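Some notes on the structure that comes next.
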Amino acid sequence: MIEDYQAISNAPNSPDLNGKYLGIISTDFALVAEFIKEASYQIRTRGFSKYPIFAVSRTIVPVGSKLIGINEMNGNTWNYNATVAEEFIQRGIISSENIEVFETSYKDPDEFCCLFVFDNDFASFVYIPYPED
């Protein structure tokens with residue numbers, strides 16, 4: 001469960017993630033990017049948060065709200081839950097001493113999607129650019 005993960009900061013895309021997941025996630029993300037981008041826009045313009053986060057996993061995770069399930073859009077192979085930084089702070093996934101680090105390193109949400117990848121014992125932030133139109 002999510003409570004088992006240690007509180008983390010928003011480190012740059014980790015080499016572990018790049019080597020193991022980035023290609024797989026990028027390919028899957030391309031299938032759902034337009035929908036995710038609109039969800040990010042709605043979260044921000046409706047005032048829910050300036051920091052949307054999309055939890056990505058192959059299993060059900062108890063964070064955020066289900067946005068897209070496996071095989072629900074163009075044959076995607078990951079689940080996508082919509083959440084916000086405030087939930088991550090409340091749950092201790094982003095530790096209180098790392099809030100400022102997270103906020104200053106959060107990339108432009110009109111250009112990049114903030115994903116949080118859950119896979120077995122691995123969990124990490126990754127920013128993926130939205131495909132250009």
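Just remember, in the structure tokens the first chain shown is A, the second B, etc., residues are 1-based per chain, and ligands are 1-based in the order shown.
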I'd like a table as CSV: residues in region 16-57 of chain A with an atom no more than 9 Å from region 70-86 of chain A, each row giving the shortest atom pair and its distance in Å to one decimal, only C-alpha atoms counted, sorted by chain and rising residue number.
residue,atom,partner,partner_atom,distance
A:Ile25,CA,A:Trp78,CA,8.1
A:Thr27,CA,A:Asn76,CA,8.9
A:Asp28,CA,A:Asn76,CA,5.5
A:Phe29,CA,A:Asn76,CA,7.8
A:Leu31,CA,A:Asn74,CA,5.9
A:Val32,CA,A:Met73,CA,6.6
A:Ile36,CA,A:Ala82,CA,8.5
A:Ala39,CA,A:Ala82,CA,7.8
A:Ser40,CA,A:Ala82,CA,8.3
A:Ile43,CA,A:Val84,CA,8.4
A:Phe48,CA,A:Val84,CA,7.9
A:Ser49,CA,A:Val84,CA,6.3
A:Lys50,CA,A:Val84,CA,8.1
A:Tyr51,CA,A:Ala85,CA,5.5
A:Pro52,CA,A:Val84,CA,4.4
A:Ile53,CA,A:Val84,CA,5.1
A:Phe54,CA,A:Ala82,CA,4.7
A:Ala55,CA,A:Asn81,CA,5.0
A:Val56,CA,A:Tyr80,CA,4.8
A:Ser57,CA,A:Asn79,CA,5.2
Once you have the residues from the selection above, write them out as a PDB file, in the first residue's frame, restricted to N, CA, C and O atoms.
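Writing the result to out.pdb gives the following:
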ATOM      1  N   ILE A  25       6.644   3.644 -20.348  1.00  0.00           N
ATOM      2  CA  ILE A  25       5.670   4.637 -19.897  1.00  0.00           C
ATOM      3  C   ILE A  25       5.420   5.683 -20.976  1.00  0.00           C
ATOM      4  O   ILE A  25       4.281   6.082 -21.210  1.00  0.00           O
ATOM      5  N   THR A  27       5.578   5.379 -24.203  1.00  0.00           N
ATOM      6  CA  THR A  27       4.741   4.789 -25.248  1.00  0.00           C
ATOM      7  C   THR A  27       3.292   4.732 -24.806  1.00  0.00           C
ATOM      8  O   THR A  27       2.378   5.105 -25.550  1.00  0.00           O
ATOM      9  N   ASP A  28       3.055   4.297 -23.574  1.00  0.00           N
ATOM     10  CA  ASP A  28       1.691   4.217 -23.060  1.00  0.00           C
ATOM     11  C   ASP A  28       1.105   5.615 -22.870  1.00  0.00           C
ATOM     12  O   ASP A  28      -0.053   5.858 -23.198  1.00  0.00           O
ATOM     13  N   PHE A  29       1.914   6.532 -22.356  1.00  0.00           N
ATOM     14  CA  PHE A  29       1.447   7.901 -22.119  1.00  0.00           C
ATOM     15  C   PHE A  29       0.976   8.552 -23.412  1.00  0.00           C
ATOM     16  O   PHE A  29      -0.027   9.280 -23.418  1.00  0.00           O
ATOM     17  N   LEU A  31      -0.644   7.332 -25.708  1.00  0.00           N
ATOM     18  CA  LEU A  31      -1.999   6.876 -26.008  1.00  0.00           C
ATOM     19  C   LEU A  31      -3.066   7.668 -25.259  1.00  0.00           C
ATOM     20  O   LEU A  31      -4.215   7.739 -25.691  1.00  0.00           O
ATOM     21  N   VAL A  32      -2.704   8.247 -24.128  1.00  0.00           N
ATOM     22  CA  VAL A  32      -3.680   8.911 -23.257  1.00  0.00           C
ATOM     23  C   VAL A  32      -3.363  10.387 -23.014  1.00  0.00           C
ATOM     24  O   VAL A  32      -4.082  11.072 -22.300  1.00  0.00           O
ATOM     25  N   ILE A  36      -5.196  13.283 -20.550  1.00  0.00           N
ATOM     26  CA  ILE A  36      -4.504  13.671 -19.322  1.00  0.00           C
ATOM     27  C   ILE A  36      -4.241  15.180 -19.315  1.00  0.00           C
ATOM     28  O   ILE A  36      -4.403  15.844 -18.292  1.00  0.00           O
ATOM     29  N   ALA A  39      -7.324  16.932 -18.367  1.00  0.00           N
ATOM     30  CA  ALA A  39      -7.597  16.753 -16.937  1.00  0.00           C
ATOM     31  C   ALA A  39      -6.709  17.682 -16.109  1.00  0.00           C
ATOM     32  O   ALA A  39      -7.171  18.310 -15.147  1.00  0.00           O
ATOM     33  N   SER A  40      -5.440  17.799 -16.476  1.00  0.00           N
ATOM     34  CA  SER A  40      -4.522  18.698 -15.786  1.00  0.00           C
ATOM     35  C   SER A  40      -5.027  20.137 -15.881  1.00  0.00           C
ATOM     36  O   SER A  40      -5.040  20.876 -14.880  1.00  0.00           O
ATOM     37  N   ILE A  43      -8.047  20.608 -13.560  1.00  0.00           N
ATOM     38  CA  ILE A  43      -7.646  20.643 -12.142  1.00  0.00           C
ATOM     39  C   ILE A  43      -7.128  22.037 -11.796  1.00  0.00           C
ATOM     40  O   ILE A  43      -7.462  22.601 -10.748  1.00  0.00           O
ATOM     41  N   PHE A  48      -8.505  23.489  -8.038  1.00  0.00           N
ATOM     42  CA  PHE A  48      -8.240  22.374  -7.133  1.00  0.00           C
ATOM     43  C   PHE A  48      -6.782  22.373  -6.677  1.00  0.00           C
ATOM     44  O   PHE A  48      -6.488  22.086  -5.526  1.00  0.00           O
ATOM     45  N   SER A  49      -5.861  22.691  -7.597  1.00  0.00           N
ATOM     46  CA  SER A  49      -4.447  22.704  -7.265  1.00  0.00           C
ATOM     47  C   SER A  49      -3.666  23.309  -8.420  1.00  0.00           C
ATOM     48  O   SER A  49      -4.084  23.215  -9.579  1.00  0.00           O
ATOM     49  N   LYS A  50      -2.512  23.868  -8.107  1.00  0.00           N
ATOM     50  CA  LYS A  50      -1.583  24.306  -9.147  1.00  0.00           C
ATOM     51  C   LYS A  50      -0.666  23.162  -9.560  1.00  0.00           C
ATOM     52  O   LYS A  50       0.112  23.295 -10.491  1.00  0.00           O
ATOM     53  N   TYR A  51      -0.760  22.034  -8.829  1.00  0.00           N
ATOM     54  CA  TYR A  51       0.181  20.929  -9.021  1.00  0.00           C
ATOM     55  C   TYR A  51      -0.529  19.594  -9.231  1.00  0.00           C
ATOM     56  O   TYR A  51      -0.543  18.734  -8.354  1.00  0.00           O
ATOM     57  N   PRO A  52      -1.121  19.380 -10.417  1.00  0.00           N
ATOM     58  CA  PRO A  52      -1.710  18.066 -10.682  1.00  0.00           C
ATOM     59  C   PRO A  52      -0.627  16.996 -10.805  1.00  0.00           C
ATOM     60  O   PRO A  52       0.460  17.259 -11.309  1.00  0.00           O
ATOM     61  N   ILE A  53      -0.959  15.828 -10.307  1.00  0.00           N
ATOM     62  CA  ILE A  53      -0.074  14.659 -10.393  1.00  0.00           C
ATOM     63  C   ILE A  53      -0.925  13.495 -10.891  1.00  0.00           C
ATOM     64  O   ILE A  53      -2.078  13.348 -10.477  1.00  0.00           O
ATOM     65  N   PHE A  54      -0.357  12.687 -11.752  1.00  0.00           N
ATOM     66  CA  PHE A  54      -1.072  11.521 -12.256  1.00  0.00           C
ATOM     67  C   PHE A  54      -0.323  10.269 -11.815  1.00  0.00           C
ATOM     68  O   PHE A  54       0.814  10.043 -12.229  1.00  0.00           O
ATOM     69  N   ALA A  55      -0.965   9.505 -10.934  1.00  0.00           N
ATOM     70  CA  ALA A  55      -0.384   8.255 -10.433  1.00  0.00           C
ATOM     71  C   ALA A  55      -0.570   7.198 -11.511  1.00  0.00           C
ATOM     72  O   ALA A  55      -1.671   6.993 -12.010  1.00  0.00           O
ATOM     73  N   VAL A  56       0.518   6.534 -11.861  1.00  0.00           N
ATOM     74  CA  VAL A  56       0.530   5.545 -12.935  1.00  0.00           C
ATOM     75  C   VAL A  56       0.944   4.209 -12.333  1.00  0.00           C
ATOM     76  O   VAL A  56       1.949   4.122 -11.636  1.00  0.00           O
ATOM     77  N   SER A  57       0.137   3.185 -12.600  1.00  0.00           N
ATOM     78  CA  SER A  57       0.447   1.871 -12.029  1.00  0.00           C
ATOM     79  C   SER A  57      -0.190   0.769 -12.874  1.00  0.00           C
ATOM     80  O   SER A  57      -1.101   1.026 -13.647  1.00  0.00           O
TER      81      SER A  57
END
Taking the DSSP secondary structure from the backbone, can you list the residues of chain A that are strand (DSSP E), as number ranges by chain? A: 52-57, 65-68, 79-84, 112-119, 122-129
Hey, can you spit out that residue selection with N, CA, C and O atoms as a short mmCIF file (atom, residue, chain, number, x, y, z; two decimals), in the first residue's frame?
data_model
loop_
_atom_site.label_atom_id
_atom_site.label_comp_id
_atom_site.auth_asym_id
_atom_site.auth_seq_id
_atom_site.Cartn_x
_atom_site.Cartn_y
_atom_site.Cartn_z
N PRO A 52 -1.12 19.38 -10.42
CA PRO A 52 -1.71 18.07 -10.68
C PRO A 52 -0.63 17.00 -10.81
O PRO A 52 0.46 17.26 -11.31
N ILE A 53 -0.96 15.83 -10.31
CA ILE A 53 -0.07 14.66 -10.39
C ILE A 53 -0.92 13.50 -10.89
O ILE A 53 -2.08 13.35 -10.48
N PHE A 54 -0.36 12.69 -11.75
CA PHE A 54 -1.07 11.52 -12.26
C PHE A 54 -0.32 10.27 -11.81
O PHE A 54 0.81 10.04 -12.23
N ALA A 55 -0.97 9.51 -10.93
CA ALA A 55 -0.38 8.26 -10.43
C ALA A 55 -0.57 7.20 -11.51
O ALA A 55 -1.67 6.99 -12.01
N VAL A 56 0.52 6.53 -11.86
CA VAL A 56 0.53 5.55 -12.93
C VAL A 56 0.94 4.21 -12.33
O VAL A 56 1.95 4.12 -11.64
N SER A 57 0.14 3.18 -12.60
CA SER A 57 0.45 1.87 -12.03
C SER A 57 -0.19 0.77 -12.87
O SER A 57 -1.10 1.03 -13.65
N SER A 65 -8.01 9.74 -7.78
CA SER A 65 -9.25 9.18 -8.34
C SER A 65 -8.94 8.56 -9.70
O SER A 65 -8.20 9.15 -10.50
N LYS A 66 -9.55 7.42 -9.93
CA LYS A 66 -9.32 6.73 -11.21
C LYS A 66 -9.73 7.64 -12.35
O LYS A 66 -10.81 8.21 -12.37
N LEU A 67 -8.82 7.77 -13.30
CA LEU A 67 -9.08 8.56 -14.49
C LEU A 67 -9.20 7.66 -15.70
O LEU A 67 -10.17 7.72 -16.45
N ILE A 68 -8.20 6.79 -15.87
CA ILE A 68 -8.19 5.85 -17.00
C ILE A 68 -7.70 4.51 -16.49
O ILE A 68 -6.64 4.42 -15.88
N ASN A 79 -2.77 1.99 -15.48
CA ASN A 79 -3.85 2.76 -14.85
C ASN A 79 -3.35 4.17 -14.61
O ASN A 79 -2.17 4.37 -14.27
N TYR A 80 -4.23 5.16 -14.72
CA TYR A 80 -3.89 6.56 -14.46
C TYR A 80 -4.91 7.11 -13.47
O TYR A 80 -6.11 7.11 -13.75
N ASN A 81 -4.42 7.56 -12.32
CA ASN A 81 -5.27 8.20 -11.32
C ASN A 81 -4.89 9.67 -11.26
O ASN A 81 -3.71 10.02 -11.28
N ALA A 82 -5.89 10.54 -11.17
CA ALA A 82 -5.64 11.97 -11.04
C ALA A 82 -5.59 12.32 -9.56
O ALA A 82 -6.44 11.89 -8.77
N THR A 83 -4.58 13.09 -9.19
CA THR A 83 -4.45 13.56 -7.82
C THR A 83 -3.74 14.91 -7.85
O THR A 83 -3.49 15.46 -8.93
N VAL A 84 -3.42 15.42 -6.69
CA VAL A 84 -2.76 16.71 -6.58
C VAL A 84 -1.66 16.63 -5.52
O VAL A 84 -1.67 15.73 -4.67
N PHE A 112 4.46 19.76 -19.63
CA PHE A 112 4.89 18.48 -19.06
C PHE A 112 3.82 17.90 -18.16
O PHE A 112 3.12 18.63 -17.46
N CYS A 113 3.75 16.60 -18.14
CA CYS A 113 2.87 15.89 -17.23
C CYS A 113 3.71 15.35 -16.08
O CYS A 113 4.74 14.72 -16.29
N CYS A 114 3.24 15.61 -14.86
CA CYS A 114 3.89 15.07 -13.67
C CYS A 114 3.25 13.71 -13.38
O CYS A 114 2.09 13.63 -12.98
N LEU A 115 4.02 12.66 -13.61
CA LEU A 115 3.56 11.31 -13.32
C LEU A 115 4.24 10.82 -12.05
O LEU A 115 5.39 11.18 -11.78
N PHE A 116 3.55 10.00 -11.30
CA PHE A 116 4.17 9.30 -10.18
C PHE A 116 3.97 7.82 -10.46
O PHE A 116 2.84 7.33 -10.46
N VAL A 117 5.06 7.13 -10.74
CA VAL A 117 5.01 5.74 -11.17
C VAL A 117 5.09 4.82 -9.95
O VAL A 117 6.00 4.93 -9.15
N PHE A 118 4.09 3.95 -9.82
CA PHE A 118 4.06 2.90 -8.80
C PHE A 118 4.24 1.58 -9.52
O PHE A 118 3.48 1.25 -10.41
N ASP A 119 5.26 0.81 -9.14
CA ASP A 119 5.40 -0.52 -9.70
C ASP A 119 6.08 -1.41 -8.67
O ASP A 119 7.28 -1.26 -8.41
N PHE A 122 8.82 -0.07 -6.34
CA PHE A 122 9.41 1.12 -6.94
C PHE A 122 8.36 2.21 -7.05
O PHE A 122 7.25 1.97 -7.49
N ALA A 123 8.73 3.43 -6.65
CA ALA A 123 7.84 4.58 -6.81
C ALA A 123 8.70 5.81 -7.05
O ALA A 123 9.67 6.04 -6.33
N SER A 124 8.36 6.59 -8.09
CA SER A 124 9.16 7.77 -8.40
C SER A 124 8.38 8.74 -9.27
O SER A 124 7.51 8.33 -10.05
N PHE A 125 8.72 10.03 -9.14
CA PHE A 125 8.18 11.05 -10.04
C PHE A 125 8.91 10.98 -11.37
O PHE A 125 10.11 10.68 -11.42
N VAL A 126 8.19 11.33 -12.43
CA VAL A 126 8.79 11.51 -13.74
C VAL A 126 7.97 12.56 -14.47
O VAL A 126 6.75 12.62 -14.33
N TYR A 127 8.65 13.41 -15.20
CA TYR A 127 7.98 14.41 -16.04
C TYR A 127 8.11 13.99 -17.48
O TYR A 127 9.22 13.73 -17.96
N ILE A 128 7.00 13.95 -18.18
CA ILE A 128 6.98 13.57 -19.58
C ILE A 128 6.35 14.71 -20.37
O ILE A 128 5.27 15.18 -19.99
N PRO A 129 7.02 15.16 -21.42
CA PRO A 129 6.41 16.24 -22.22
C PRO A 129 5.18 15.72 -22.96
O PRO A 129 5.15 14.57 -23.41
#
DSSP-assigned alpha helix (DSSP H) members of chain A, reported as a PyMOL selection string: chain A and resi 15-17+23-45+85-90+99-105
